[in-house]
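Here the structure comes first, spelled out in structure tokens, and everything after it is commentary.
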Amino acid sequence: MSLDSTVVTINNLLRCNFCADFQEFLETPKKYFSIPDYQREYKWDKSKIKTFVSNVMQRSKFLGIITTEVPNQPFLSVVDGQQRLTTMILMLAWLYNACADEGETETQQEIESLISFVHEGQVKFILENA
């Protein structure tokens, strides 16, 4: 078994935009994240979410490690960090809807590019349950 790691920004993580060496390690380009069946369901309560949002807003807080398996598929299988990753995507989905309500189409499109991808002509969410 081979192991590798890389440090990425939230933006690059959600876009699956990794440095060349790490991309080579992945072998096949990745487009989305898959949550395996063995993962627990989303459980974060309001206090955990508030703490996480506060940490994100500080911009200086380490957000933790997200561990994935790398199948020879177009996705990364999330082993650890599912609660944080899901919370980030839910926050962005909320912001997407808020932008829609305010008519902020440019920001809405930017958020959409972070939380979705196009596969065979269809827009798909970047996080799916296996």
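Residues are named by chain letter and number: chains run A, B, ... in the order of the structure tokens, numbers start at 1 in each chain, and ligands are numbered from 1 in the order shown.
All residues in chain A with a DSSP state of strand (DSSP E), computed from the backbone, read Tyr32, Phe33, Ser34, Ile35, Thr67, Thr68, Glu69, Phe75, Leu76, Ser77, Val78, Val79, Asp80, Ser116, Phe117, Val118, His119, Gln122, Val123, Lys124, Phe125, Leu127, Glu128 and Asn129 of chain A.
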Could you write out the selected residues, including N, CA and C atoms, as a tab-separated table (two decimals), in the first residue's frame?
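As a result, result20.tsv now contains:
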chain	number	residue	atom	x	y	z
A	32	TYR	N	-15.07	14.33	-7.42
A	32	TYR	CA	-15.98	14.47	-6.30
A	32	TYR	C	-15.56	13.57	-5.14
A	33	PHE	N	-16.28	13.68	-4.03
A	33	PHE	CA	-16.01	12.91	-2.82
A	33	PHE	C	-17.15	11.94	-2.58
A	34	SER	N	-16.81	10.75	-2.15
A	34	SER	CA	-17.81	9.73	-1.84
A	34	SER	C	-17.70	9.38	-0.36
A	35	ILE	N	-18.86	9.29	0.30
A	35	ILE	CA	-18.91	8.90	1.71
A	35	ILE	C	-19.28	7.42	1.75
A	67	THR	N	-8.86	12.55	5.48
A	67	THR	CA	-8.19	11.34	5.00
A	67	THR	C	-9.10	10.65	3.99
A	68	THR	N	-8.52	10.25	2.88
A	68	THR	CA	-9.30	9.58	1.85
A	68	THR	C	-8.60	8.31	1.38
A	69	GLU	N	-9.39	7.40	0.86
A	69	GLU	CA	-8.87	6.27	0.08
A	69	GLU	C	-8.89	6.73	-1.36
A	75	PHE	N	-13.39	9.59	-8.01
A	75	PHE	CA	-13.73	10.19	-6.72
A	75	PHE	C	-12.70	9.82	-5.66
A	76	LEU	N	-12.73	10.58	-4.56
A	76	LEU	CA	-11.96	10.28	-3.37
A	76	LEU	C	-12.93	9.77	-2.33
A	77	SER	N	-12.65	8.64	-1.72
A	77	SER	CA	-13.51	8.03	-0.72
A	77	SER	C	-13.09	8.54	0.67
A	78	VAL	N	-13.98	9.27	1.34
A	78	VAL	CA	-13.65	9.93	2.61
A	78	VAL	C	-13.59	8.92	3.75
A	79	VAL	N	-12.42	8.82	4.39
A	79	VAL	CA	-12.21	7.93	5.52
A	79	VAL	C	-12.36	8.71	6.83
A	80	ASP	N	-11.81	9.91	6.88
A	80	ASP	CA	-11.90	10.74	8.07
A	80	ASP	C	-12.04	12.20	7.64
A	116	SER	N	-20.23	21.67	-7.11
A	116	SER	CA	-20.79	20.78	-8.14
A	116	SER	C	-19.79	20.60	-9.27
A	117	PHE	N	-20.08	19.64	-10.13
A	117	PHE	CA	-19.27	19.40	-11.32
A	117	PHE	C	-20.20	18.86	-12.40
A	118	VAL	N	-19.74	18.90	-13.63
A	118	VAL	CA	-20.55	18.41	-14.75
A	118	VAL	C	-20.04	17.04	-15.16
A	119	HIS	N	-20.95	16.09	-15.24
A	119	HIS	CA	-20.63	14.73	-15.66
A	119	HIS	C	-21.65	14.30	-16.70
A	122	GLN	N	-24.60	16.54	-17.14
A	122	GLN	CA	-25.46	16.80	-15.98
A	122	GLN	C	-24.64	17.40	-14.84
A	123	VAL	N	-25.24	18.36	-14.15
A	123	VAL	CA	-24.59	18.96	-12.99
A	123	VAL	C	-24.83	18.03	-11.80
A	124	LYS	N	-23.73	17.69	-11.11
A	124	LYS	CA	-23.80	16.78	-9.96
A	124	LYS	C	-23.15	17.45	-8.76
A	125	PHE	N	-23.63	17.08	-7.58
A	125	PHE	CA	-23.09	17.56	-6.31
A	125	PHE	C	-21.75	16.89	-6.06
A	127	LEU	N	-20.40	15.85	-3.38
A	127	LEU	CA	-20.39	14.94	-2.25
A	127	LEU	C	-21.54	13.96	-2.40
A	128	GLU	N	-21.24	12.66	-2.39
A	128	GLU	CA	-22.31	11.69	-2.50
A	128	GLU	C	-22.10	10.54	-1.52
A	129	ASN	N	-23.20	9.92	-1.13
A	129	ASN	CA	-23.11	8.72	-0.30
A	129	ASN	C	-22.91	7.53	-1.21
Could you pull out the alpha helix (DSSP H) residues of range 23-111 of chain A, going by DSSP on the backbone, and write them as a ChimeraX atom specification?
/A:23-26,46-58,82-102,105-111
Restricting it to C-alpha atoms, dump the selection as a tab-separated table (two decimals), in the first residue's frame.
chain	number	residue	atom	x	y	z
A	23	GLN	CA	-2.11	14.36	-8.85
A	24	GLU	CA	0.34	11.80	-10.24
A	25	PHE	CA	-0.04	9.76	-7.03
A	26	LEU	CA	-3.84	9.82	-7.49
A	46	LYS	CA	-25.44	23.64	16.32
A	47	SER	CA	-22.60	24.14	18.82
A	48	LYS	CA	-20.14	22.09	16.73
A	49	ILE	CA	-21.19	23.95	13.58
A	50	LYS	CA	-20.81	27.35	15.31
A	51	THR	CA	-17.32	26.43	16.51
A	52	PHE	CA	-16.35	25.25	13.03
A	53	VAL	CA	-17.74	28.42	11.38
A	54	SER	CA	-15.88	30.55	13.91
A	55	ASN	CA	-12.65	28.69	13.11
A	56	VAL	CA	-13.18	29.19	9.38
A	57	MET	CA	-13.85	32.90	9.88
A	58	GLN	CA	-10.59	33.31	11.85
A	82	GLN	CA	-16.57	13.65	6.69
A	83	GLN	CA	-18.29	15.86	9.30
A	84	ARG	CA	-16.04	18.85	8.47
A	85	LEU	CA	-16.25	18.33	4.72
A	86	THR	CA	-20.04	17.97	4.84
A	87	THR	CA	-20.33	21.08	7.03
A	88	MET	CA	-18.22	23.11	4.57
A	89	ILE	CA	-20.39	22.03	1.67
A	90	LEU	CA	-23.62	22.68	3.58
A	91	MET	CA	-22.36	26.17	4.46
A	92	LEU	CA	-21.63	26.83	0.81
A	93	ALA	CA	-25.04	25.48	-0.22
A	94	TRP	CA	-26.66	27.85	2.30
A	95	LEU	CA	-24.63	30.77	0.89
A	96	TYR	CA	-25.63	29.73	-2.63
A	97	ASN	CA	-29.31	29.97	-1.67
A	98	ALA	CA	-28.76	33.29	0.13
A	99	CYS	CA	-27.09	34.68	-3.00
A	100	ALA	CA	-30.02	33.49	-5.10
A	101	ASP	CA	-32.41	35.33	-2.77
A	102	GLU	CA	-30.34	38.52	-3.11
A	105	THR	CA	-25.64	35.66	-9.56
A	106	GLU	CA	-21.86	36.10	-9.94
A	107	THR	CA	-21.19	34.89	-6.39
A	108	GLN	CA	-23.80	32.19	-6.81
A	109	GLN	CA	-22.01	30.88	-9.91
A	110	GLU	CA	-18.67	30.90	-8.08
A	111	ILE	CA	-20.14	28.88	-5.21
Could you give me, as a PyMOL selection string, the residues within 7 Å of range 6-19 of chain A, counting only C-alpha atoms and dropping anything in the same chain fewer than 6 positions from it?
chain A and resi 30-31+114-115
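Residue nearest Leu3 in chain A, chosen from A:Gly81, A:Ser113, A:Leu63, A:Val70 and counting only C-alpha atoms: A:Val70.
The space separating CA of Pro74 in chain A from CA of Thr28 in chain A comes to 6.6 Å.
Note that CA of Glu120 in chain A and CA of Gln73 in chain A are 15.3 Å apart.
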